[in-house]
file entry13.pdb (PDB, C-alpha atoms)
ATOM      1  CA  ASN V   1     -18.343-105.970 -52.163  1.00  0.00           C
ATOM      2  CA  LEU V   2     -14.708-106.966 -52.542  1.00  0.00           C
ATOM      3  CA  VAL V   3     -12.357-104.824 -54.590  1.00  0.00           C
ATOM      4  CA  SER V   4      -9.308-106.385 -56.236  1.00  0.00           C
ATOM      5  CA  LEU V   5      -6.053-104.498 -55.752  1.00  0.00           C
ATOM      6  CA  SER V   6      -4.176-106.487 -58.407  1.00  0.00           C
ATOM      7  CA  ASN V   7      -4.502-103.661 -60.947  1.00  0.00           C
ATOM      8  CA  TYR V   8      -3.239-101.199 -58.342  1.00  0.00           C
ATOM      9  CA  SER V   9      -0.131-103.347 -57.776  1.00  0.00           C
ATOM     10  CA  ASP V  10       0.373-103.817 -61.521  1.00  0.00           C
ATOM     11  CA  THR V  11       0.235-100.050 -62.014  1.00  0.00           C
ATOM     12  CA  ALA V  12       2.800 -99.459 -59.272  1.00  0.00           C
ATOM     13  CA  THR V  13       5.262-102.089 -60.512  1.00  0.00           C
ATOM     14  CA  ASN V  14       4.919-100.873 -64.111  1.00  0.00           C
ATOM     15  CA  VAL V  15       5.527 -97.247 -63.105  1.00  0.00           C
ATOM     16  CA  ALA V  16       8.509 -98.213 -60.937  1.00  0.00           C
ATOM     17  CA  SER V  17      10.125-100.270 -63.708  1.00  0.00           C
ATOM     18  CA  LYS V  18       9.664 -97.387 -66.166  1.00  0.00           C
ATOM     19  CA  VAL V  19      10.880 -94.594 -63.862  1.00  0.00           C
ATOM     20  CA  LEU V  20      13.721 -96.254 -61.886  1.00  0.00           C
ATOM     21  CA  PRO V  21      16.238 -96.145 -64.791  1.00  0.00           C
ATOM     22  CA  SER V  22      15.828 -92.342 -64.810  1.00  0.00           C
ATOM     23  CA  ILE V  23      16.515 -91.897 -61.068  1.00  0.00           C
ATOM     24  CA  VAL V  24      20.038 -91.100 -59.860  1.00  0.00           C
ATOM     25  CA  GLY V  25      21.772 -90.958 -56.502  1.00  0.00           C
ATOM     26  CA  ILE V  26      23.670 -87.755 -55.735  1.00  0.00           C
ATOM     27  CA  LYS V  27      26.532 -87.390 -53.248  1.00  0.00           C
ATOM     28  CA  VAL V  28      27.758 -83.951 -52.252  1.00  0.00           C
ATOM     29  CA  SER V  29      30.977 -83.087 -50.409  1.00  0.00           C
ATOM     30  CA  TYR V  30      31.262 -79.722 -48.710  1.00  0.00           C
ATOM     31  CA  THR V  31      32.866 -77.937 -45.771  1.00  0.00           C
ATOM     32  CA  VAL V  32      31.040 -76.942 -42.591  1.00  0.00           C
ATOM     33  CA  ASN V  33      32.425 -74.052 -40.535  1.00  0.00           C
ATOM     34  CA  SER V  34      30.988 -74.190 -37.021  1.00  0.00           C
ATOM     35  CA  ILE V  35      31.490 -71.848 -34.080  1.00  0.00           C
ATOM     36  CA  PHE V  36      31.757 -75.003 -31.942  1.00  0.00           C
ATOM     37  CA  SER V  37      34.012 -77.330 -33.935  1.00  0.00           C
ATOM     38  CA  GLY V  38      35.747 -75.199 -36.557  1.00  0.00           C
ATOM     39  CA  SER V  39      36.042 -76.334 -40.148  1.00  0.00           C
ATOM     40  CA  GLN V  40      35.135 -79.940 -41.025  1.00  0.00           C
ATOM     41  CA  ALA V  41      34.543 -81.955 -44.194  1.00  0.00           C
ATOM     42  CA  ALA V  42      30.991 -83.235 -44.531  1.00  0.00           C
ATOM     43  CA  SER V  43      28.836 -85.036 -47.064  1.00  0.00           C
ATOM     44  CA  ALA V  44      25.182 -85.445 -47.931  1.00  0.00           C
ATOM     45  CA  GLU V  45      23.125 -87.584 -50.290  1.00  0.00           C
ATOM     46  CA  GLY V  46      19.960 -87.090 -52.290  1.00  0.00           C
ATOM     47  CA  SER V  47      18.138 -87.948 -55.486  1.00  0.00           C
ATOM     48  CA  GLY V  48      17.782 -86.576 -58.965  1.00  0.00           C
ATOM     49  CA  ILE V  49      16.022 -87.411 -62.196  1.00  0.00           C
ATOM     50  CA  ILE V  50      17.543 -87.575 -65.665  1.00  0.00           C
ATOM     51  CA  ILE V  51      15.875 -85.033 -67.974  1.00  0.00           C
ATOM     52  CA  SER V  52      17.950 -85.550 -71.144  1.00  0.00           C
ATOM     53  CA  ASP V  53      19.894 -88.424 -72.653  1.00  0.00           C
ATOM     54  CA  ASP V  54      23.096 -86.336 -72.679  1.00  0.00           C
ATOM     55  CA  GLY V  55      23.487 -86.015 -68.905  1.00  0.00           C
ATOM     56  CA  TYR V  56      21.273 -83.198 -67.613  1.00  0.00           C
ATOM     57  CA  ILE V  57      19.738 -84.030 -64.225  1.00  0.00           C
ATOM     58  CA  LEU V  58      17.049 -82.226 -62.241  1.00  0.00           C
ATOM     59  CA  THR V  59      17.357 -82.249 -58.455  1.00  0.00           C
ATOM     60  CA  ASN V  60      16.398 -80.127 -55.471  1.00  0.00           C
ATOM     61  CA  ASN V  61      18.489 -77.069 -54.746  1.00  0.00           C
ATOM     62  CA  HIS V  62      18.742 -78.117 -51.094  1.00  0.00           C
ATOM     63  CA  VAL V  63      20.492 -81.336 -52.197  1.00  0.00           C
ATOM     64  CA  ILE V  64      23.431 -79.475 -53.744  1.00  0.00           C
ATOM     65  CA  GLY V  65      23.144 -75.986 -52.217  1.00  0.00           C
ATOM     66  CA  SER V  66      24.487 -74.513 -49.034  1.00  0.00           C
ATOM     67  CA  ASN V  67      22.439 -74.048 -45.885  1.00  0.00           C
ATOM     68  CA  ASP V  68      23.517 -71.730 -43.086  1.00  0.00           C
ATOM     69  CA  SER V  69      22.398 -70.951 -39.560  1.00  0.00           C
ATOM     70  CA  SER V  70      23.631 -68.640 -36.837  1.00  0.00           C
ATOM     71  CA  TYR V  71      25.822 -71.510 -35.533  1.00  0.00           C
ATOM     72  CA  TYR V  72      27.381 -72.832 -38.730  1.00  0.00           C
ATOM     73  CA  GLN V  73      28.087 -72.039 -42.368  1.00  0.00           C
ATOM     74  CA  VAL V  74      28.037 -74.645 -45.131  1.00  0.00           C
ATOM     75  CA  SER V  75      30.220 -74.072 -48.191  1.00  0.00           C
ATOM     76  CA  GLU V  76      29.066 -74.527 -51.739  1.00  0.00           C
ATOM     77  CA  ALA V  77      29.611 -78.105 -52.887  1.00  0.00           C
ATOM     78  CA  ASN V  78      33.284 -79.053 -53.204  1.00  0.00           C
ATOM     79  CA  LYS V  79      32.361 -82.110 -55.257  1.00  0.00           C
ATOM     80  CA  ILE V  80      29.139 -83.604 -56.626  1.00  0.00           C
ATOM     81  CA  THR V  81      28.980 -87.179 -57.879  1.00  0.00           C
ATOM     82  CA  VAL V  82      26.111 -89.073 -59.475  1.00  0.00           C
ATOM     83  CA  THR V  83      25.401 -92.803 -59.444  1.00  0.00           C
ATOM     84  CA  LEU V  84      23.086 -94.217 -62.087  1.00  0.00           C
ATOM     85  CA  TYR V  85      20.479 -96.948 -61.623  1.00  0.00           C
ATOM     86  CA  ASN V  86      22.110-100.404 -61.501  1.00  0.00           C
ATOM     87  CA  ASP V  87      25.595 -98.857 -61.906  1.00  0.00           C
ATOM     88  CA  THR V  88      28.092 -98.316 -59.091  1.00  0.00           C
ATOM     89  CA  THR V  89      30.265 -95.943 -61.158  1.00  0.00           C
ATOM     90  CA  GLU V  90      30.415 -92.430 -59.716  1.00  0.00           C
ATOM     91  CA  TYR V  91      30.234 -89.686 -62.347  1.00  0.00           C
ATOM     92  CA  GLU V  92      31.411 -86.215 -61.388  1.00  0.00           C
ATOM     93  CA  ALA V  93      28.737 -83.563 -61.933  1.00  0.00           C
ATOM     94  CA  LYS V  94      28.845 -79.826 -62.470  1.00  0.00           C
ATOM     95  CA  VAL V  95      26.167 -77.357 -61.454  1.00  0.00           C
ATOM     96  CA  ILE V  96      24.355 -75.805 -64.414  1.00  0.00           C
ATOM     97  CA  GLY V  97      21.851 -73.685 -62.499  1.00  0.00           C
ATOM     98  CA  THR V  98      20.075 -73.319 -59.172  1.00  0.00           C
ATOM     99  CA  ASP V  99      16.948 -71.596 -57.873  1.00  0.00           C
ATOM    100  CA  SER V 100      16.404 -71.430 -54.118  1.00  0.00           C
ATOM    101  CA  GLN V 101      12.862 -69.993 -54.508  1.00  0.00           C
ATOM    102  CA  THR V 102      11.576 -73.111 -56.299  1.00  0.00           C
ATOM    103  CA  ASP V 103      14.132 -75.420 -54.613  1.00  0.00           C
ATOM    104  CA  LEU V 104      15.258 -76.722 -58.019  1.00  0.00           C
ATOM    105  CA  ALA V 105      18.701 -77.230 -59.517  1.00  0.00           C
ATOM    106  CA  VAL V 106      20.126 -78.681 -62.722  1.00  0.00           C
ATOM    107  CA  ILE V 107      23.422 -80.568 -62.761  1.00  0.00           C
ATOM    108  CA  LYS V 108      25.197 -82.344 -65.626  1.00  0.00           C
ATOM    109  CA  ILE V 109      27.378 -85.410 -65.966  1.00  0.00           C
ATOM    110  CA  ASP V 110      29.531 -86.297 -68.949  1.00  0.00           C
ATOM    111  CA  LYS V 111      27.604 -89.378 -70.092  1.00  0.00           C
ATOM    112  CA  LYS V 112      25.513 -90.110 -73.174  1.00  0.00           C
ATOM    113  CA  ASN V 113      22.611 -92.458 -73.958  1.00  0.00           C
ATOM    114  CA  LEU V 114      20.917 -92.031 -70.587  1.00  0.00           C
ATOM    115  CA  THR V 115      17.222 -92.755 -70.001  1.00  0.00           C
ATOM    116  CA  PRO V 116      15.384 -89.464 -69.488  1.00  0.00           C
ATOM    117  CA  ALA V 117      12.161 -89.460 -67.509  1.00  0.00           C
ATOM    118  CA  GLU V 118       8.873 -88.734 -69.184  1.00  0.00           C
ATOM    119  CA  LEU V 119       7.538 -85.730 -67.278  1.00  0.00           C
ATOM    120  CA  GLY V 120       3.818 -85.102 -66.819  1.00  0.00           C
ATOM    121  CA  ASN V 121       1.760 -81.961 -66.395  1.00  0.00           C
ATOM    122  CA  SER V 122       1.151 -81.181 -62.725  1.00  0.00           C
ATOM    123  CA  SER V 123      -1.697 -78.784 -63.573  1.00  0.00           C
ATOM    124  CA  ASN V 124      -3.810 -81.830 -64.497  1.00  0.00           C
ATOM    125  CA  ILE V 125      -3.490 -83.476 -61.050  1.00  0.00           C
ATOM    126  CA  VAL V 126      -6.665 -83.857 -58.981  1.00  0.00           C
ATOM    127  CA  VAL V 127      -7.226 -84.688 -55.322  1.00  0.00           C
ATOM    128  CA  GLY V 128      -7.507 -88.441 -54.757  1.00  0.00           C
ATOM    129  CA  GLU V 129      -5.193 -89.527 -57.579  1.00  0.00           C
ATOM    130  CA  PHE V 130      -2.582 -92.238 -57.028  1.00  0.00           C
ATOM    131  CA  ALA V 131       0.961 -90.845 -56.572  1.00  0.00           C
ATOM    132  CA  MET V 132       4.415 -92.424 -56.300  1.00  0.00           C
ATOM    133  CA  ALA V 133       7.700 -91.101 -54.956  1.00  0.00           C
ATOM    134  CA  ILE V 134      10.829 -92.757 -56.310  1.00  0.00           C
ATOM    135  CA  GLY V 135      14.349 -91.848 -55.267  1.00  0.00           C
ATOM    136  CA  ASN V 136      17.429 -92.476 -53.151  1.00  0.00           C
ATOM    137  CA  PRO V 137      16.617 -90.973 -49.730  1.00  0.00           C
ATOM    138  CA  LEU V 138      19.618 -90.997 -47.410  1.00  0.00           C
ATOM    139  CA  GLY V 139      21.527 -93.086 -49.957  1.00  0.00           C
ATOM    140  CA  MET V 140      18.986 -95.930 -49.964  1.00  0.00           C
ATOM    141  CA  GLN V 141      18.925 -96.639 -53.687  1.00  0.00           C
ATOM    142  CA  SER V 142      15.799 -97.340 -55.699  1.00  0.00           C
ATOM    143  CA  SER V 143      13.261 -96.603 -52.973  1.00  0.00           C
ATOM    144  CA  VAL V 144       9.612 -96.522 -54.052  1.00  0.00           C
ATOM    145  CA  THR V 145       6.591 -95.459 -52.016  1.00  0.00           C
ATOM    146  CA  SER V 146       3.053 -94.451 -52.858  1.00  0.00           C
ATOM    147  CA  GLY V 147       0.128 -92.433 -51.636  1.00  0.00           C
ATOM    148  CA  ILE V 148      -2.626 -90.215 -52.907  1.00  0.00           C
ATOM    149  CA  ILE V 149      -2.797 -86.558 -53.848  1.00  0.00           C
ATOM    150  CA  SER V 150      -4.267 -84.982 -50.713  1.00  0.00           C
ATOM    151  CA  ALA V 151      -4.455 -81.363 -51.923  1.00  0.00           C
ATOM    152  CA  VAL V 152      -3.624 -79.116 -54.859  1.00  0.00           C
ATOM    153  CA  ASN V 153      -2.780 -75.409 -54.958  1.00  0.00           C
ATOM    154  CA  ARG V 154      -1.966 -75.337 -51.250  1.00  0.00           C
ATOM    155  CA  THR V 155       0.091 -72.280 -50.312  1.00  0.00           C
ATOM    156  CA  ILE V 156       2.649 -72.494 -47.508  1.00  0.00           C
ATOM    157  CA  THR V 157       5.386 -70.181 -46.285  1.00  0.00           C
ATOM    158  CA  SER V 158       8.664 -71.757 -45.170  1.00  0.00           C
ATOM    159  CA  THR V 159      10.741 -70.640 -42.190  1.00  0.00           C
ATOM    160  CA  ASP V 160      13.052 -68.744 -44.559  1.00  0.00           C
ATOM    161  CA  GLY V 161      10.116 -66.640 -45.812  1.00  0.00           C
ATOM    162  CA  ASN V 162       9.666 -68.290 -49.229  1.00  0.00           C
ATOM    163  CA  THR V 163       6.062 -68.935 -50.269  1.00  0.00           C
ATOM    164  CA  TYR V 164       5.226 -72.056 -52.274  1.00  0.00           C
ATOM    165  CA  ASN V 165       2.101 -73.186 -54.117  1.00  0.00           C
ATOM    166  CA  LEU V 166       2.192 -76.962 -53.648  1.00  0.00           C
ATOM    167  CA  ILE V 167       0.508 -80.193 -54.606  1.00  0.00           C
TER     168      ILE V 167
END
call {"tool": "encode", "arguments": {"input": "entry13.pdb", "output": "C-alpha cells"}}
result
Amino acid sequence: NLVSLSNYSDTATNVASKVLPSIVGIKVSYTVNSIFSGSQAASAEGSGIIISDDGYILTNNHVIGSNDSSYYQVSEANKITVTLYNDTTEYEAKVIGTDSQTDLAVIKIDKKNLTPAELGNSSNIVVGEFAMAIGNPLGMQSSVTSGIISAVNRTITSTDGNTYNLI
C-alpha cells in the first residue's frame, strides 16, 4: 500500500509561508572578560517570533542574556538588533523582560504593522504529531525543518540545576 506524501508537503509549505513573516533574526553585541585573553567584543545570533503588531518579540533568554563560567564572564547585551523577514534593515531592540528559569525573554523594536504569529496551545500536543521548527539558527535566515513530537511532559534537569517540563 503506497501512501502519498503530497499532503504532508503541502502542509509544511503552507505552515512555512504563514509563519516565516513572523520570524526575526536577532544579533547581540556584548563583552567577554576572560582570564586568558582579557576583555573582548563579541557577538551572537539567534531567532525570535513577533507576538504583537507593535514590535514585541518573544525569544529565548539565552539568546540575549549573559552566560558565565569559571573562565570567563559575559556582559549583558551592549546592543540588540532585529532583522525582519525579507528586510535587511536592522532595528535596535530593547529588553522588556527576561526569565532564566523558563529561558524566555521579550524584546521590543520601534516598528508598527508587523505580522504577529498565531500561537497554539501546547497542552493539546500529542506524541506522534507533525512539528516544525522555523528560525534563524547561527544567522541562517528563514530555516525550516520538521519532525514529530517524540514525548510530552518529559522532565529534565539542566547542568545549572533548573528543572524543565518539556515537549
call {"tool": "resolve_selection", "arguments": {"input": "entry13.pdb", "expression": "the PyMOL selection byres ((chain V and resi 105-119) around 6)", "output": "list in words"}}
result
Ser22, Ile50, Ile51, Ser52, Asp53, Asp54, Gly55, Tyr56, Ile57, Leu58, Thr59, Asn60, Asn61, Ala93, Lys94, Val95, Ile96, Gly97, Thr98, Leu104 and Gly120 of chain V
call {"tool": "residues_around", "arguments": {"input": "entry13.pdb", "residues": "Gly147 of chain V", "least_positions_apart": "3", "cutoff": "10 Å", "atoms": "all atoms listed in the file", "output": "count of residues only"}}
result
7
call {"tool": "residues_around", "arguments": {"input": "entry13.pdb", "residues": "Ala12 of chain V", "least_positions_apart": "2", "cutoff": "10 Å", "atoms": "only C-alpha atoms", "output": "list in words"}}
result
Ser6, Asn7, Tyr8, Ser9, Asp10, Asn14, Val15, Ala16, Ser17, Lys18, Phe130, Ala131, Met132, Val144, Thr145 and Ser146 of chain V
call {"tool": "atom_distance", "arguments": {"input": "entry13.pdb", "atom1": "atom CA of Tyr91 of chain V", "atom2": "atom CA of Val24 of chain V"}}
result
10.6 Å
call {"tool": "axis_aligned_box", "arguments": {"input": "entry13.pdb", "around": "segment 83-88 of chain V", "padding_each_side": "6 Å", "output": "lines of an AutoDock Vina configuration file"}}
result
center_x = 24.3
center_y = -96.6
center_z = -60.6
size_x = 19.6
size_y = 19.6
size_z = 15.0
call {"tool": "atom_distance", "arguments": {"input": "entry13.pdb", "atom1": "atom CA of Thr83 of chain V", "atom2": "atom CA of Gly25 of chain V"}}
result
5.0 Å
call {"tool": "closest_residue", "arguments": {"input": "entry13.pdb", "among": "V:Val28, V:Ile125, V:Ile23, V:Ile148", "to": "Ile80 of chain V", "atoms": "only C-alpha atoms"}}
result
V:Val28
call {"tool": "residues_around", "arguments": {"input": "entry13.pdb", "residues": "Asn124 of chain V", "least_positions_apart": "2", "cutoff": "12 Å", "atoms": "only C-alpha atoms", "output": "PDB file with C-alpha atoms, keeping the file's coordinate frame"}}
result
ATOM      1  CA  GLY V 120       3.818 -85.102 -66.819  1.00  0.00           C
ATOM      2  CA  ASN V 121       1.760 -81.961 -66.395  1.00  0.00           C
ATOM      3  CA  SER V 122       1.151 -81.181 -62.725  1.00  0.00           C
ATOM      4  CA  VAL V 126      -6.665 -83.857 -58.981  1.00  0.00           C
ATOM      5  CA  VAL V 127      -7.226 -84.688 -55.322  1.00  0.00           C
ATOM      6  CA  GLU V 129      -5.193 -89.527 -57.579  1.00  0.00           C
ATOM      7  CA  ILE V 149      -2.797 -86.558 -53.848  1.00  0.00           C
ATOM      8  CA  VAL V 152      -3.624 -79.116 -54.859  1.00  0.00           C
ATOM      9  CA  ASN V 153      -2.780 -75.409 -54.958  1.00  0.00           C
ATOM     10  CA  ILE V 167       0.508 -80.193 -54.606  1.00  0.00           C
TER      11      ILE V 167
END
call {"tool": "atom_distance", "arguments": {"input": "entry13.pdb", "atom1": "atom CA of Pro21 of chain V", "atom2": "atom CA of Tyr85 of chain V"}}
result
5.4 Å
call {"tool": "closest_residue", "arguments": {"input": "entry13.pdb", "among": "V:Gln101, V:Gln141, V:Ser123, V:Thr31", "to": "Leu84 of chain V", "atoms": "all atoms listed in the file"}}
result
V:Gln141
call {"tool": "decode", "arguments": {"input": "entry13.pdb", "residues": "segment 47-59 of chain V", "atoms": "all heavy atoms", "output": "PDB file, in the first residue's frame"}}
result
ATOM      1  N   SER V  47      17.140  33.637  17.059  1.00  0.00           N
ATOM      2  CA  SER V  47      15.833  33.843  16.450  1.00  0.00           C
ATOM      3  C   SER V  47      14.853  34.382  17.468  1.00  0.00           C
ATOM      4  O   SER V  47      15.026  34.233  18.672  1.00  0.00           O
ATOM      5  CB  SER V  47      15.274  32.515  15.929  1.00  0.00           C
ATOM      6  OG  SER V  47      16.148  31.910  15.042  1.00  0.00           O
ATOM      7  N   GLY V  48      13.780  34.950  16.946  1.00  0.00           N
ATOM      8  CA  GLY V  48      12.665  35.374  17.767  1.00  0.00           C
ATOM      9  C   GLY V  48      11.396  35.293  16.954  1.00  0.00           C
ATOM     10  O   GLY V  48      11.435  35.041  15.742  1.00  0.00           O
ATOM     11  N   ILE V  49      10.273  35.521  17.622  1.00  0.00           N
ATOM     12  CA  ILE V  49       8.985  35.473  16.940  1.00  0.00           C
ATOM     13  C   ILE V  49       8.151  36.677  17.360  1.00  0.00           C
ATOM     14  O   ILE V  49       8.080  37.006  18.547  1.00  0.00           O
ATOM     15  CB  ILE V  49       8.265  34.132  17.217  1.00  0.00           C
ATOM     16  CG1 ILE V  49       7.040  33.987  16.343  1.00  0.00           C
ATOM     17  CG2 ILE V  49       7.948  33.948  18.686  1.00  0.00           C
ATOM     18  CD1 ILE V  49       6.526  32.566  16.239  1.00  0.00           C
ATOM     19  N   ILE V  50       7.583  37.347  16.393  1.00  0.00           N
ATOM     20  CA  ILE V  50       6.778  38.541  16.646  1.00  0.00           C
ATOM     21  C   ILE V  50       5.483  38.116  17.339  1.00  0.00           C
ATOM     22  O   ILE V  50       4.774  37.228  16.846  1.00  0.00           O
ATOM     23  CB  ILE V  50       6.463  39.283  15.326  1.00  0.00           C
ATOM     24  CG1 ILE V  50       7.764  39.730  14.658  1.00  0.00           C
ATOM     25  CG2 ILE V  50       5.518  40.454  15.563  1.00  0.00           C
ATOM     26  CD1 ILE V  50       7.595  40.188  13.220  1.00  0.00           C
ATOM     27  N   ILE V  51       5.165  38.761  18.474  1.00  0.00           N
ATOM     28  CA  ILE V  51       3.950  38.400  19.208  1.00  0.00           C
ATOM     29  C   ILE V  51       2.916  39.521  19.213  1.00  0.00           C
ATOM     30  O   ILE V  51       1.802  39.322  19.695  1.00  0.00           O
ATOM     31  CB  ILE V  51       4.264  37.943  20.654  1.00  0.00           C
ATOM     32  CG1 ILE V  51       5.053  38.996  21.428  1.00  0.00           C
ATOM     33  CG2 ILE V  51       5.004  36.603  20.620  1.00  0.00           C
ATOM     34  CD1 ILE V  51       5.272  38.669  22.896  1.00  0.00           C
ATOM     35  N   SER V  52       3.270  40.702  18.692  1.00  0.00           N
ATOM     36  CA  SER V  52       2.282  41.777  18.545  1.00  0.00           C
ATOM     37  C   SER V  52       2.676  42.660  17.370  1.00  0.00           C
ATOM     38  O   SER V  52       3.853  42.763  17.033  1.00  0.00           O
ATOM     39  CB  SER V  52       2.168  42.608  19.825  1.00  0.00           C
ATOM     40  OG  SER V  52       3.328  43.376  20.019  1.00  0.00           O
ATOM     41  N   ASP V  53       1.680  43.295  16.765  1.00  0.00           N
ATOM     42  CA  ASP V  53       1.965  44.087  15.564  1.00  0.00           C
ATOM     43  C   ASP V  53       2.717  45.380  15.863  1.00  0.00           C
ATOM     44  O   ASP V  53       3.185  46.050  14.953  1.00  0.00           O
ATOM     45  CB  ASP V  53       0.690  44.368  14.779  1.00  0.00           C
ATOM     46  CG  ASP V  53      -0.301  45.252  15.517  1.00  0.00           C
ATOM     47  OD1 ASP V  53      -0.088  45.562  16.702  1.00  0.00           O
ATOM     48  OD2 ASP V  53      -1.316  45.614  14.887  1.00  0.00           O
ATOM     49  N   ASP V  54       2.881  45.718  17.153  1.00  0.00           N
ATOM     50  CA  ASP V  54       3.586  46.945  17.519  1.00  0.00           C
ATOM     51  C   ASP V  54       5.010  46.708  18.015  1.00  0.00           C
ATOM     52  O   ASP V  54       5.607  47.559  18.656  1.00  0.00           O
ATOM     53  CB  ASP V  54       2.783  47.749  18.533  1.00  0.00           C
ATOM     54  CG  ASP V  54       2.531  47.001  19.835  1.00  0.00           C
ATOM     55  OD1 ASP V  54       2.738  45.767  19.882  1.00  0.00           O
ATOM     56  OD2 ASP V  54       2.110  47.644  20.812  1.00  0.00           O
ATOM     57  N   GLY V  55       5.599  45.551  17.701  1.00  0.00           N
ATOM     58  CA  GLY V  55       7.032  45.370  17.898  1.00  0.00           C
ATOM     59  C   GLY V  55       7.492  44.490  19.039  1.00  0.00           C
ATOM     60  O   GLY V  55       8.700  44.374  19.274  1.00  0.00           O
ATOM     61  N   TYR V  56       6.587  43.833  19.760  1.00  0.00           N
ATOM     62  CA  TYR V  56       7.023  42.936  20.828  1.00  0.00           C
ATOM     63  C   TYR V  56       7.416  41.590  20.233  1.00  0.00           C
ATOM     64  O   TYR V  56       6.706  41.042  19.385  1.00  0.00           O
ATOM     65  CB  TYR V  56       5.927  42.753  21.886  1.00  0.00           C
ATOM     66  CG  TYR V  56       5.760  43.968  22.756  1.00  0.00           C
ATOM     67  CD1 TYR V  56       4.870  44.969  22.406  1.00  0.00           C
ATOM     68  CD2 TYR V  56       6.514  44.115  23.914  1.00  0.00           C
ATOM     69  CE1 TYR V  56       4.728  46.101  23.190  1.00  0.00           C
ATOM     70  CE2 TYR V  56       6.371  45.243  24.712  1.00  0.00           C
ATOM     71  CZ  TYR V  56       5.485  46.232  24.346  1.00  0.00           C
ATOM     72  OH  TYR V  56       5.343  47.349  25.121  1.00  0.00           O
ATOM     73  N   ILE V  57       8.561  41.066  20.684  1.00  0.00           N
ATOM     74  CA  ILE V  57       9.150  39.852  20.126  1.00  0.00           C
ATOM     75  C   ILE V  57       9.520  38.910  21.268  1.00  0.00           C
ATOM     76  O   ILE V  57      10.143  39.325  22.249  1.00  0.00           O
ATOM     77  CB  ILE V  57      10.401  40.206  19.296  1.00  0.00           C
ATOM     78  CG1 ILE V  57       9.987  41.078  18.102  1.00  0.00           C
ATOM     79  CG2 ILE V  57      11.152  38.953  18.855  1.00  0.00           C
ATOM     80  CD1 ILE V  57      11.138  41.786  17.422  1.00  0.00           C
ATOM     81  N   LEU V  58       9.139  37.648  21.122  1.00  0.00           N
ATOM     82  CA  LEU V  58       9.491  36.612  22.077  1.00  0.00           C
ATOM     83  C   LEU V  58      10.730  35.890  21.577  1.00  0.00           C
ATOM     84  O   LEU V  58      10.826  35.545  20.397  1.00  0.00           O
ATOM     85  CB  LEU V  58       8.326  35.624  22.225  1.00  0.00           C
ATOM     86  CG  LEU V  58       8.505  34.479  23.208  1.00  0.00           C
ATOM     87  CD1 LEU V  58       8.568  35.002  24.644  1.00  0.00           C
ATOM     88  CD2 LEU V  58       7.339  33.495  23.060  1.00  0.00           C
ATOM     89  N   THR V  59      11.691  35.673  22.474  1.00  0.00           N
ATOM     90  CA  THR V  59      12.903  34.944  22.116  1.00  0.00           C
ATOM     91  C   THR V  59      13.332  34.120  23.323  1.00  0.00           C
ATOM     92  O   THR V  59      12.664  34.108  24.367  1.00  0.00           O
ATOM     93  CB  THR V  59      14.024  35.904  21.657  1.00  0.00           C
ATOM     94  OG1 THR V  59      15.131  35.133  21.144  1.00  0.00           O
ATOM     95  CG2 THR V  59      14.511  36.805  22.774  1.00  0.00           C
TER      96      THR V  59
END
